[in-house]
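Okay, structure first, notes after.
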Amino acid sequence: MTQYKTTIGLEIHVQLKTNSKMFCTTSAQYFGSEPNVHTCPVCLGLPGALPVINKEAIESAAKFALGLHCHVSDVSKFDRKNYFYPDLPKGFQISQLDLPIGKNGWLVVEGKKIRINRAHLEEDTGKLIHAKVDGKSVSLVDFNRSGVPLMEVVSEPDIDSPDLARSYAKVVHQLARYLDVSNADMEKAGMRFDANVSVSKEGIDKLGEKVEIKNINSFRFLEKALVFEVERQIKTLESGKQVIQETRGWVEDKAITVSQRVKETSPDYRYFPEPDLPPLVFNEADIEKLRKMLPELPDKKMDRFVLEYGLDKITAQNLTEDKNLAQWYEDGLTIYAKDDKNKAAKAKVLANWVVGELIRNLREKAININSASIEPAGLIELLRLVDSSEINQTTAKKVFTQMFSTGKTPSRIIKDEGLAQVSQEADLEELLDEVIVENESAVEDYRQGKAASLGFLLGQVMRKTGGRANPVVASKLLKEKLAHGNRN
Amino acid sequence: MELTNLTIKKANEGLKNKQFSAVELTKSIFERIEKFESKIDAFLLLTKELAKKQAEKTDLLISENQSLNTLMGIPVAIKDVIVTKGIKTTAGSKILADFIPPYSATIYESLENAGTVLIGKTNLDEFAMGGSTENSAFKVTKNPWDVRRVPGGSSGGSAAAVSAEMCIYALGTDTGGSIRQPASFCGVVGIKPTYGRVSRYGLIAMASSLDQIGPITKTVEDAALVLNVISGWDKRDSTSVDLEVPDYTKFLTGNVRGVKIGVPGEFFGSGVDKSVKETTETALKRLEQLGAKIVEVSLPRSKEALAVYYLIMPSEASSNLARYDGVRFGNERETFGSEVKRRIMLGTYALSSGYYDAYYLKAAKVRSLIQKEFAEVFKTVDLIASPTSPVLPFKIGERVDNPLQMYLADVLTVPANLAGLPGISIPCGLAQELPVGLQLIGDHWQEGSILNMAYTYEQNFLFSEKPKL
């Protein structure tokens, strides 16, 4: 069978998080608002209105470009991209053609370097809503989104599988959030993908005909659409036909792509420099200042977690996926390892708790760490109770879940729920006697030299105490009792 | 007392001295409009009620003996391409026939704050595209000097209104000569400031890199007074420049001794009517008598200016007019007039892939050569003089079927727009009983220098002729 090579390039649109829109002072925080209330003469494209560059957006864009390892040019400019569409009020979109904010960047994803051709700024369009009004099918336009700043990140065709495409998209998403330049909120269309994909026979240098899939709005759909499209193209070639260069759309409910426009009729955007806006000039010092403002980026943070805390790569990756979670972990560790004793061991214990219990609880509630009420100090208090054997692991997990949902301190929960470990021999004595009486055969087996039976009997003790019995004390006492009984 | 023939300066004095009230001044303007507007057709909309209210406000201030700004209570006519909140603004186009803007242009806000009185919105070529006001979708404005002739354009309504004394002053816009040429045709003063001097926010764009708003007035001093109010940086217009606005009347010294006037041979070439040429040359001799130095200069690239202009302007216009897409504003693109359609097509073509390099890009490069050439010349002279228009006001209908001939009328004014330079046109004499305009072009931000030269000419060789209506 013929082997095929897949070639994918992604264009990722990321809405920047700014107070006002790209070219006017209207608030950009439009999500959930009534249609057409976040508008002004500028973002409605009214006759006579003029754009003014939002400095905050430029700064965010430059930071983003630096995070993508792009070269940030000292001169950048805006251009008009002319086309007609009802959601585009001016009949052109202000974008960037030949002098984007960032050029020639790269990201490493799953060990592979993916080059980034460019990262440029543009304005978002309005939104069309297809609805029925008085029984008639109509298209309505909502201009709330019109003029919201968008960063477009264009990769080189360095992606060789749908899976890698998804991972790359996630890395870009993570970066935007690390830099705090975007919420990149998938539910609110804060991030959208266009994918270019082609297949060619292995060993042939020439790339196959390129198909563009437009407007995908989730990581999962991105991967699914690409998987479908790669298969479709291979099947087409296998059946002796040609793949045609075209634009296809992803149909969610059918999980297929369908042809939208054949490339020959693609529009001529008639780009030209935006005469209403002077060029943007950055001096070297501005760029350096921004570079210094960049936080530690995800890959660097992960490497540091491995080196500094002795964590394995997977754990470090899980911890650093969300910048705030990583910060939470480090805040916790500062408290936990205050005396600097057994720092490496403590780093691991805490990491296991964060990656295990904390992330599990976050996922169950579908929230991120910033909206969780649990504080690092609370978990550390809990871990210290485990370390001092006041509670065991099982109880600790129960307490943690309650801490997570109620925000109460662990000692409060332990007290209220009577979860403290039973460590006093006197408190255990009666219980052990009961277990010995109720499990005659196991007791007999133990006395016959079957050591495993001790475990069974201990289990029974735990069951009776709801896991609160201190296993060390209980085991010691049980052995004594059984030995004592033997002598009888 | 005849009030309609007053200048801003005189009207301001009259108001201050309580010789007449602002309401009386406004009333006399509307009486004159009543009498002559049907002959001239300068206005698309009259704002009589608003004017009365605004005038009453001024009178109240006068009665309270409060200090009076220069423009307070002074009737203005504004070209209908500048948006005025709540007041219909059409750009002379059917596509905006019913457009009532929800906001005002920055300069209209400035004028409102200055207490001026809005008389109405004046006629223009559709979207300011034309040199005769014949391209208006609504009416053809007539030249007060000879109603069979055009008033020039595209600010023809504003120039005719000032000339016919149906306002005390007016505002126009100039993309390729649209203030200066109608000022020349109507025998009044018109100045196009340096690009970036006056905010364009709220000016319905034709060609963004060329458009500029400016005053059309009866005297040079009035032009300086209006410029004082409308100039300055506007945070809503990124192409406006944050540079201190001087008091332009301070430049009006009447002394031009030793000032060097560059006269480019290219601006007096074969396309210039003999009578226009002679009248302008006489004006230059007069300036020499006043002590100015006439220096021959050369601007060879200016020959390319018209070609460059008719590539850059339609390119930007084709994009600026894309917003009238039939989805909003209530009218389809078919309602554009033929000149607008022609420019949209020219511009769309010039920007198309495969043609962009040969047309738009090359034009942009030649534009910067023209700018450099001017910069070189301004190293040796203080200002440049030429006729404003190569021809006298032509007859209505004479050129409408020949767009190319119409475009040629812009040949002497477009270089200043391409280079972003300030230019003024003042009446310098009559030829065949029609006014001839003298154009003075200054270096960037040197409005003061061209205003003083114009003022000195005006003071010594007063243009006292008036159209016979």
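We name chains A, B, ... following the order of the structure tokens; residues begin at 1 in each chain, and ligands are numbered from 1 as shown.
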Return the neighbours of chain B among the residues of chain A, cut-off 9 Å, counting only C-alpha atoms, as a PDB file with N, CA, C and O atoms, in the first residue's frame.
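New file part_39.pdb:
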```pdb
ATOM      1  N   CYS A  24     -11.285  51.984  18.443  1.00  0.00           N
ATOM      2  CA  CYS A  24     -12.170  52.994  19.031  1.00  0.00           C
ATOM      3  C   CYS A  24     -12.192  52.780  20.543  1.00  0.00           C
ATOM      4  O   CYS A  24     -11.609  51.834  21.055  1.00  0.00           O
ATOM      5  N   PRO A  41     -19.683  55.238  16.205  1.00  0.00           N
ATOM      6  CA  PRO A  41     -19.521  55.529  14.779  1.00  0.00           C
ATOM      7  C   PRO A  41     -18.342  54.780  14.143  1.00  0.00           C
ATOM      8  O   PRO A  41     -18.427  54.354  12.993  1.00  0.00           O
ATOM      9  N   GLY A  45     -18.612  51.729  11.312  1.00  0.00           N
ATOM     10  CA  GLY A  45     -18.200  52.179   9.980  1.00  0.00           C
ATOM     11  C   GLY A  45     -19.063  53.301   9.440  1.00  0.00           C
ATOM     12  O   GLY A  45     -19.327  53.367   8.245  1.00  0.00           O
ATOM     13  N   LEU A  46     -19.517  54.194  10.299  1.00  0.00           N
ATOM     14  CA  LEU A  46     -20.363  55.292   9.833  1.00  0.00           C
ATOM     15  C   LEU A  46     -19.542  56.259   8.976  1.00  0.00           C
ATOM     16  O   LEU A  46     -18.331  56.409   9.184  1.00  0.00           O
ATOM     17  N   PRO A  47     -20.185  56.917   8.030  1.00  0.00           N
ATOM     18  CA  PRO A  47     -19.476  57.876   7.175  1.00  0.00           C
ATOM     19  C   PRO A  47     -18.759  58.916   8.033  1.00  0.00           C
ATOM     20  O   PRO A  47     -19.357  59.459   8.964  1.00  0.00           O
ATOM     21  N   GLY A  48     -17.499  59.160   7.725  1.00  0.00           N
ATOM     22  CA  GLY A  48     -16.743  60.193   8.421  1.00  0.00           C
ATOM     23  C   GLY A  48     -15.962  59.719   9.630  1.00  0.00           C
ATOM     24  O   GLY A  48     -15.072  60.410  10.098  1.00  0.00           O
ATOM     25  N   ALA A  49     -16.298  58.543  10.173  1.00  0.00           N
ATOM     26  CA  ALA A  49     -15.603  58.067  11.376  1.00  0.00           C
ATOM     27  C   ALA A  49     -14.200  57.578  11.008  1.00  0.00           C
ATOM     28  O   ALA A  49     -13.986  57.089   9.905  1.00  0.00           O
ATOM     29  N   LEU A  50     -13.258  57.722  11.933  1.00  0.00           N
ATOM     30  CA  LEU A  50     -11.870  57.342  11.667  1.00  0.00           C
ATOM     31  C   LEU A  50     -11.334  56.425  12.759  1.00  0.00           C
ATOM     32  O   LEU A  50     -11.683  56.577  13.928  1.00  0.00           O
ATOM     33  N   PRO A  51     -10.455  55.492  12.388  1.00  0.00           N
ATOM     34  CA  PRO A  51      -9.876  54.586  13.386  1.00  0.00           C
ATOM     35  C   PRO A  51      -8.721  55.242  14.141  1.00  0.00           C
ATOM     36  O   PRO A  51      -8.022  56.084  13.594  1.00  0.00           O
ATOM     37  N   VAL A  52      -8.570  54.865  15.397  1.00  0.00           N
ATOM     38  CA  VAL A  52      -7.409  55.296  16.185  1.00  0.00           C
ATOM     39  C   VAL A  52      -6.855  54.037  16.851  1.00  0.00           C
ATOM     40  O   VAL A  52      -7.606  53.242  17.422  1.00  0.00           O
ATOM     41  N   ILE A  53      -5.556  53.843  16.760  1.00  0.00           N
ATOM     42  CA  ILE A  53      -4.951  52.601  17.247  1.00  0.00           C
ATOM     43  C   ILE A  53      -5.006  52.504  18.775  1.00  0.00           C
ATOM     44  O   ILE A  53      -4.654  53.448  19.482  1.00  0.00           O
ATOM     45  N   ARG A  80      -5.561  47.879   4.381  1.00  0.00           N
ATOM     46  CA  ARG A  80      -6.981  47.572   4.221  1.00  0.00           C
ATOM     47  C   ARG A  80      -7.138  46.311   3.381  1.00  0.00           C
ATOM     48  O   ARG A  80      -6.530  46.196   2.322  1.00  0.00           O
ATOM     49  N   ASN A  82      -9.931  44.606   1.400  1.00  0.00           N
ATOM     50  CA  ASN A  82     -11.241  44.990   0.873  1.00  0.00           C
ATOM     51  C   ASN A  82     -12.079  43.785   0.467  1.00  0.00           C
ATOM     52  O   ASN A  82     -11.654  42.997  -0.375  1.00  0.00           O
ATOM     53  N   TYR A  83     -13.220  43.640   1.054  1.00  0.00           N
ATOM     54  CA  TYR A  83     -14.196  42.656   0.576  1.00  0.00           C
ATOM     55  C   TYR A  83     -15.572  42.999   1.137  1.00  0.00           C
ATOM     56  O   TYR A  83     -15.683  43.686   2.149  1.00  0.00           O
ATOM     57  N   PHE A  84     -16.583  42.534   0.451  1.00  0.00           N
ATOM     58  CA  PHE A  84     -17.943  42.817   0.897  1.00  0.00           C
ATOM     59  C   PHE A  84     -18.490  41.656   1.697  1.00  0.00           C
ATOM     60  O   PHE A  84     -18.410  40.509   1.271  1.00  0.00           O
ATOM     61  N   TYR A  85     -19.015  41.940   2.845  1.00  0.00           N
ATOM     62  CA  TYR A  85     -19.752  40.944   3.612  1.00  0.00           C
ATOM     63  C   TYR A  85     -20.620  41.718   4.602  1.00  0.00           C
ATOM     64  O   TYR A  85     -20.167  42.724   5.153  1.00  0.00           O
ATOM     65  N   PRO A  86     -21.847  41.275   4.834  1.00  0.00           N
ATOM     66  CA  PRO A  86     -22.737  42.088   5.687  1.00  0.00           C
ATOM     67  C   PRO A  86     -22.214  42.321   7.104  1.00  0.00           C
ATOM     68  O   PRO A  86     -22.602  43.288   7.740  1.00  0.00           O
ATOM     69  N   LEU A  88     -19.217  43.076   7.844  1.00  0.00           N
ATOM     70  CA  LEU A  88     -18.034  43.945   7.753  1.00  0.00           C
ATOM     71  C   LEU A  88     -18.502  45.359   7.420  1.00  0.00           C
ATOM     72  O   LEU A  88     -18.716  45.692   6.261  1.00  0.00           O
ATOM     73  N   PRO A  89     -18.661  46.218   8.435  1.00  0.00           N
ATOM     74  CA  PRO A  89     -19.389  47.473   8.198  1.00  0.00           C
ATOM     75  C   PRO A  89     -18.702  48.456   7.245  1.00  0.00           C
ATOM     76  O   PRO A  89     -19.371  49.218   6.586  1.00  0.00           O
ATOM     77  N   LYS A  90     -17.376  48.452   7.172  1.00  0.00           N
ATOM     78  CA  LYS A  90     -16.719  49.427   6.315  1.00  0.00           C
ATOM     79  C   LYS A  90     -16.527  48.929   4.883  1.00  0.00           C
ATOM     80  O   LYS A  90     -16.104  49.673   4.018  1.00  0.00           O
ATOM     81  N   GLY A  91     -16.798  47.630   4.663  1.00  0.00           N
ATOM     82  CA  GLY A  91     -16.482  47.073   3.351  1.00  0.00           C
ATOM     83  C   GLY A  91     -15.005  46.758   3.220  1.00  0.00           C
ATOM     84  O   GLY A  91     -14.522  46.373   2.162  1.00  0.00           O
ATOM     85  N   PHE A  92     -14.274  46.957   4.282  1.00  0.00           N
ATOM     86  CA  PHE A  92     -12.878  46.496   4.342  1.00  0.00           C
ATOM     87  C   PHE A  92     -12.538  46.229   5.799  1.00  0.00           C
ATOM     88  O   PHE A  92     -13.180  46.767   6.706  1.00  0.00           O
ATOM     89  N   ASP A 268     -10.067  38.806  -4.671  1.00  0.00           N
ATOM     90  CA  ASP A 268      -8.887  39.653  -4.705  1.00  0.00           C
ATOM     91  C   ASP A 268      -9.134  40.731  -3.659  1.00  0.00           C
ATOM     92  O   ASP A 268     -10.045  41.541  -3.793  1.00  0.00           O
ATOM     93  N   TYR A 269      -8.359  40.725  -2.597  1.00  0.00           N
ATOM     94  CA  TYR A 269      -8.633  41.628  -1.474  1.00  0.00           C
ATOM     95  C   TYR A 269      -8.154  43.062  -1.696  1.00  0.00           C
ATOM     96  O   TYR A 269      -8.392  43.918  -0.869  1.00  0.00           O
ATOM     97  N   ARG A 270      -7.437  43.276  -2.780  1.00  0.00           N
ATOM     98  CA  ARG A 270      -6.985  44.643  -3.118  1.00  0.00           C
ATOM     99  C   ARG A 270      -6.406  45.375  -1.894  1.00  0.00           C
ATOM    100  O   ARG A 270      -6.784  46.487  -1.567  1.00  0.00           O
ATOM    101  N   TYR A 271      -5.476  44.704  -1.241  1.00  0.00           N
ATOM    102  CA  TYR A 271      -4.814  45.325  -0.082  1.00  0.00           C
ATOM    103  C   TYR A 271      -4.124  46.627  -0.479  1.00  0.00           C
ATOM    104  O   TYR A 271      -3.530  46.710  -1.558  1.00  0.00           O
ATOM    105  N   PHE A 272      -4.179  47.604   0.368  1.00  0.00           N
ATOM    106  CA  PHE A 272      -3.318  48.788   0.222  1.00  0.00           C
ATOM    107  C   PHE A 272      -3.156  49.414   1.598  1.00  0.00           C
ATOM    108  O   PHE A 272      -3.956  49.152   2.498  1.00  0.00           O
ATOM    109  N   GLU A 274      -3.369  51.407   4.888  1.00  0.00           N
ATOM    110  CA  GLU A 274      -4.479  52.150   5.504  1.00  0.00           C
ATOM    111  C   GLU A 274      -4.095  53.626   5.621  1.00  0.00           C
ATOM    112  O   GLU A 274      -3.207  53.975   6.417  1.00  0.00           O
ATOM    113  N   PRO A 275      -4.731  54.502   4.827  1.00  0.00           N
ATOM    114  CA  PRO A 275      -4.302  55.904   4.834  1.00  0.00           C
ATOM    115  C   PRO A 275      -4.712  56.665   6.095  1.00  0.00           C
ATOM    116  O   PRO A 275      -4.189  57.744   6.348  1.00  0.00           O
ATOM    117  N   ASP A 276      -5.624  56.104   6.879  1.00  0.00           N
ATOM    118  CA  ASP A 276      -6.083  56.799   8.082  1.00  0.00           C
ATOM    119  C   ASP A 276      -5.179  56.549   9.287  1.00  0.00           C
ATOM    120  O   ASP A 276      -5.398  57.135  10.350  1.00  0.00           O
ATOM    121  N   LEU A 277      -4.202  55.641   9.143  1.00  0.00           N
ATOM    122  CA  LEU A 277      -3.347  55.319  10.286  1.00  0.00           C
ATOM    123  C   LEU A 277      -1.866  55.460   9.931  1.00  0.00           C
ATOM    124  O   LEU A 277      -1.410  54.878   8.955  1.00  0.00           O
ATOM    125  N   PRO A 278      -1.134  56.209  10.732  1.00  0.00           N
ATOM    126  CA  PRO A 278       0.308  56.298  10.487  1.00  0.00           C
ATOM    127  C   PRO A 278       0.976  54.963  10.826  1.00  0.00           C
ATOM    128  O   PRO A 278       0.431  54.180  11.599  1.00  0.00           O
TER     129      PRO A 278
END
```
My list of candidates is B:Lys9, B:Lys121, B:Lys362, B:Lys260. Which is closest to Thr219 in chain B when distances are computed with only C-alpha atoms?
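Looking only at the distances to Thr219 in chain B, the closest residue turns out to be B:Lys9.
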At a cut-off of 10 Å, using only C-alpha atoms, what residues contact range 435-438 of chain A? Leave out same-chain residues fewer than 3 positions from it and give the result as a short mmCIF file (atom, residue, chain, number, x, y, z; two decimals) with N, CA, C and O atoms, in the first residue's frame.
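This went into result-v2.cif:
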```cif
data_model
loop_
_atom_site.label_atom_id
_atom_site.label_comp_id
_atom_site.auth_asym_id
_atom_site.auth_seq_id
_atom_site.Cartn_x
_atom_site.Cartn_y
_atom_site.Cartn_z
N GLU A 430 -10.87 -2.39 72.52
CA GLU A 430 -12.18 -3.05 72.46
C GLU A 430 -12.51 -3.50 71.04
O GLU A 430 -12.99 -4.60 70.81
N LEU A 431 -12.19 -2.60 70.11
CA LEU A 431 -12.44 -2.87 68.70
C LEU A 431 -11.70 -4.10 68.21
O LEU A 431 -12.23 -4.94 67.50
N LEU A 432 -10.41 -4.17 68.62
CA LEU A 432 -9.57 -5.29 68.20
C LEU A 432 -10.12 -6.60 68.74
O LEU A 432 -10.17 -7.60 68.01
N SER A 441 -11.54 -17.80 61.94
CA SER A 441 -10.72 -18.58 61.01
C SER A 441 -9.47 -17.81 60.59
O SER A 441 -8.40 -18.39 60.47
N ALA A 442 -9.63 -16.51 60.38
CA ALA A 442 -8.47 -15.71 60.01
C ALA A 442 -7.45 -15.69 61.14
O ALA A 442 -6.24 -15.76 60.92
N VAL A 443 -7.96 -15.59 62.34
CA VAL A 443 -7.08 -15.60 63.51
C VAL A 443 -6.31 -16.92 63.57
O VAL A 443 -5.10 -16.96 63.78
N GLU A 444 -7.06 -18.01 63.28
CA GLU A 444 -6.45 -19.34 63.29
C GLU A 444 -5.34 -19.46 62.24
O GLU A 444 -4.25 -19.91 62.53
N LEU A 457 -7.15 -8.90 58.82
CA LEU A 457 -7.69 -8.48 60.11
C LEU A 457 -7.58 -6.96 60.30
O LEU A 457 -8.51 -6.31 60.76
N LEU A 458 -6.46 -6.42 59.85
CA LEU A 458 -6.27 -4.97 59.93
C LEU A 458 -7.33 -4.24 59.10
O LEU A 458 -7.88 -3.21 59.51
N GLY A 459 -7.61 -4.82 57.96
CA GLY A 459 -8.65 -4.27 57.07
C GLY A 459 -9.98 -4.19 57.78
O GLY A 459 -10.71 -3.21 57.66
N GLN A 460 -10.28 -5.24 58.54
CA GLN A 460 -11.53 -5.26 59.30
C GLN A 460 -11.56 -4.14 60.34
O GLN A 460 -12.59 -3.49 60.53
N VAL A 461 -10.38 -3.88 60.93
CA VAL A 461 -10.28 -2.80 61.92
C VAL A 461 -10.58 -1.46 61.24
O VAL A 461 -11.34 -0.63 61.72
N LYS A 464 -14.26 -0.99 60.51
CA LYS A 464 -15.03 -0.61 61.68
C LYS A 464 -14.82 0.86 62.08
O LYS A 464 -15.70 1.48 62.64
N LEU A 478 -2.52 -5.31 67.45
CA LEU A 478 -3.13 -6.56 66.97
C LEU A 478 -2.15 -7.73 67.11
O LEU A 478 -2.50 -8.81 67.59
N LYS A 481 -1.89 -8.77 70.63
CA LYS A 481 -3.08 -9.51 71.09
C LYS A 481 -3.09 -10.94 70.58
O LYS A 481 -3.39 -11.89 71.28
N LEU A 482 -2.72 -11.08 69.29
CA LEU A 482 -2.75 -12.41 68.69
C LEU A 482 -1.68 -13.32 69.33
O LEU A 482 -1.91 -14.48 69.62
N GLY A 485 -2.86 -14.28 72.73
CA GLY A 485 -3.90 -15.31 72.60
C GLY A 485 -3.30 -16.69 72.38
O GLY A 485 -3.71 -17.68 72.97
#
```
If I take CA of Asn135 in chain B and CA of Ala160 in chain B, how far is one from the other in Å, to one decimal?
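CA of Ala160 in chain B lies at a distance of 15.6 Å from CA of Asn135 in chain B.
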Picked from range 155-391 of chain A by DSSP as alpha helix (DSSP H), as a ChimeraX atom specification:
/A:162-178,219-238,284-293,298-309,313-320,323-336,343-353,359-365,376-387
May I have all residues of range 341-424 of chain B that DSSP, computed from the backbone, assigns to strand (DSSP E), given as number ranges by chain?
B: 383-387, 423-424
Write out as a VMD selection string which residues come within 7 Å of Asn144 in chain A when counting only C-alpha atoms, dropping same-chain ones fewer than 2 positions away.
chain A and resid 30 35 to 39 126 142 146
As a PDB file with N, CA, C and O atoms, in the first residue's frame, please: the residues near range 49-60 of chain B (cut-off 8 Å, only C-alpha atoms, same-chain neighbours under 5 positions excluded).
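Full text of result29.pdb as output:
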```pdb
ATOM      1  N   SER B  21     -28.380  92.785  16.224  1.00  0.00           N
ATOM      2  CA  SER B  21     -28.323  91.565  17.023  1.00  0.00           C
ATOM      3  C   SER B  21     -27.990  90.371  16.125  1.00  0.00           C
ATOM      4  O   SER B  21     -28.066  90.472  14.889  1.00  0.00           O
ATOM      5  N   ALA B  22     -27.628  89.269  16.742  1.00  0.00           N
ATOM      6  CA  ALA B  22     -27.330  88.049  15.984  1.00  0.00           C
ATOM      7  C   ALA B  22     -28.587  87.568  15.262  1.00  0.00           C
ATOM      8  O   ALA B  22     -28.526  87.070  14.140  1.00  0.00           O
ATOM      9  N   VAL B  23     -29.734  87.732  15.916  1.00  0.00           N
ATOM     10  CA  VAL B  23     -30.986  87.315  15.282  1.00  0.00           C
ATOM     11  C   VAL B  23     -31.235  88.156  14.026  1.00  0.00           C
ATOM     12  O   VAL B  23     -31.620  87.624  12.974  1.00  0.00           O
ATOM     13  N   THR B  26     -28.845  86.972  11.285  1.00  0.00           N
ATOM     14  CA  THR B  26     -29.303  85.700  10.726  1.00  0.00           C
ATOM     15  C   THR B  26     -30.544  85.918   9.847  1.00  0.00           C
ATOM     16  O   THR B  26     -30.655  85.352   8.769  1.00  0.00           O
ATOM     17  N   MET B  72     -18.891  83.930  17.248  1.00  0.00           N
ATOM     18  CA  MET B  72     -20.169  83.867  17.945  1.00  0.00           C
ATOM     19  C   MET B  72     -21.240  84.655  17.207  1.00  0.00           C
ATOM     20  O   MET B  72     -21.065  85.827  16.880  1.00  0.00           O
ATOM     21  N   GLY B  73     -22.329  83.962  16.898  1.00  0.00           N
ATOM     22  CA  GLY B  73     -23.440  84.618  16.223  1.00  0.00           C
ATOM     23  C   GLY B  73     -23.237  84.831  14.733  1.00  0.00           C
ATOM     24  O   GLY B  73     -24.070  85.445  14.075  1.00  0.00           O
ATOM     25  N   PRO B  75     -23.188  83.672  10.929  1.00  0.00           N
ATOM     26  CA  PRO B  75     -23.801  82.633  10.098  1.00  0.00           C
ATOM     27  C   PRO B  75     -22.812  81.909   9.182  1.00  0.00           C
ATOM     28  O   PRO B  75     -22.071  82.556   8.445  1.00  0.00           O
ATOM     29  N   GLY B 115     -19.919  79.107  19.096  1.00  0.00           N
ATOM     30  CA  GLY B 115     -21.171  79.874  19.067  1.00  0.00           C
ATOM     31  C   GLY B 115     -21.606  80.346  17.695  1.00  0.00           C
ATOM     32  O   GLY B 115     -22.446  81.235  17.566  1.00  0.00           O
ATOM     33  N   THR B 116     -21.032  79.708  16.653  1.00  0.00           N
ATOM     34  CA  THR B 116     -21.409  80.120  15.301  1.00  0.00           C
ATOM     35  C   THR B 116     -22.849  79.693  15.003  1.00  0.00           C
ATOM     36  O   THR B 116     -23.416  78.861  15.710  1.00  0.00           O
ATOM     37  N   VAL B 117     -23.442  80.260  13.962  1.00  0.00           N
ATOM     38  CA  VAL B 117     -24.844  79.992  13.619  1.00  0.00           C
ATOM     39  C   VAL B 117     -24.898  79.224  12.299  1.00  0.00           C
ATOM     40  O   VAL B 117     -24.425  79.721  11.279  1.00  0.00           O
ATOM     41  N   LEU B 118     -25.457  78.018  12.349  1.00  0.00           N
ATOM     42  CA  LEU B 118     -25.514  77.208  11.128  1.00  0.00           C
ATOM     43  C   LEU B 118     -26.720  77.601  10.283  1.00  0.00           C
ATOM     44  O   LEU B 118     -27.868  77.479  10.707  1.00  0.00           O
ATOM     45  N   ILE B 119     -26.429  78.074   9.070  1.00  0.00           N
ATOM     46  CA  ILE B 119     -27.475  78.499   8.127  1.00  0.00           C
ATOM     47  C   ILE B 119     -28.005  77.294   7.358  1.00  0.00           C
ATOM     48  O   ILE B 119     -29.204  77.156   7.147  1.00  0.00           O
TER      49      ILE B 119
END
```
Using only C-alpha atoms, determine which residues lie at most 8 Å from Leu299 in chain B, disregarding the query and same-chain residues fewer than 5 positions distant; provide the list as a list in words.
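Close residues of Leu299 in chain B: Pro264, Gly265, Glu266, Glu373, Phe374 and Val377 of chain B.
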Exercise: range 394-399 of chain B partners within 8 Å, only C-alpha atoms, chain neighbours under 2 positions left out, as a ChimeraX atom specification
/B:134,148-150,391-392,401-403,405-406
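In this structure, CA of Leu227 in chain B sits 7.3 Å away from CA of Tyr248 in chain B.
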Judged by only C-alpha atoms, the minimum distance to Ile216 in chain B among B:Asp80, B:Asp234, B:Asp174, B:Asp125 is found for B:Asp174
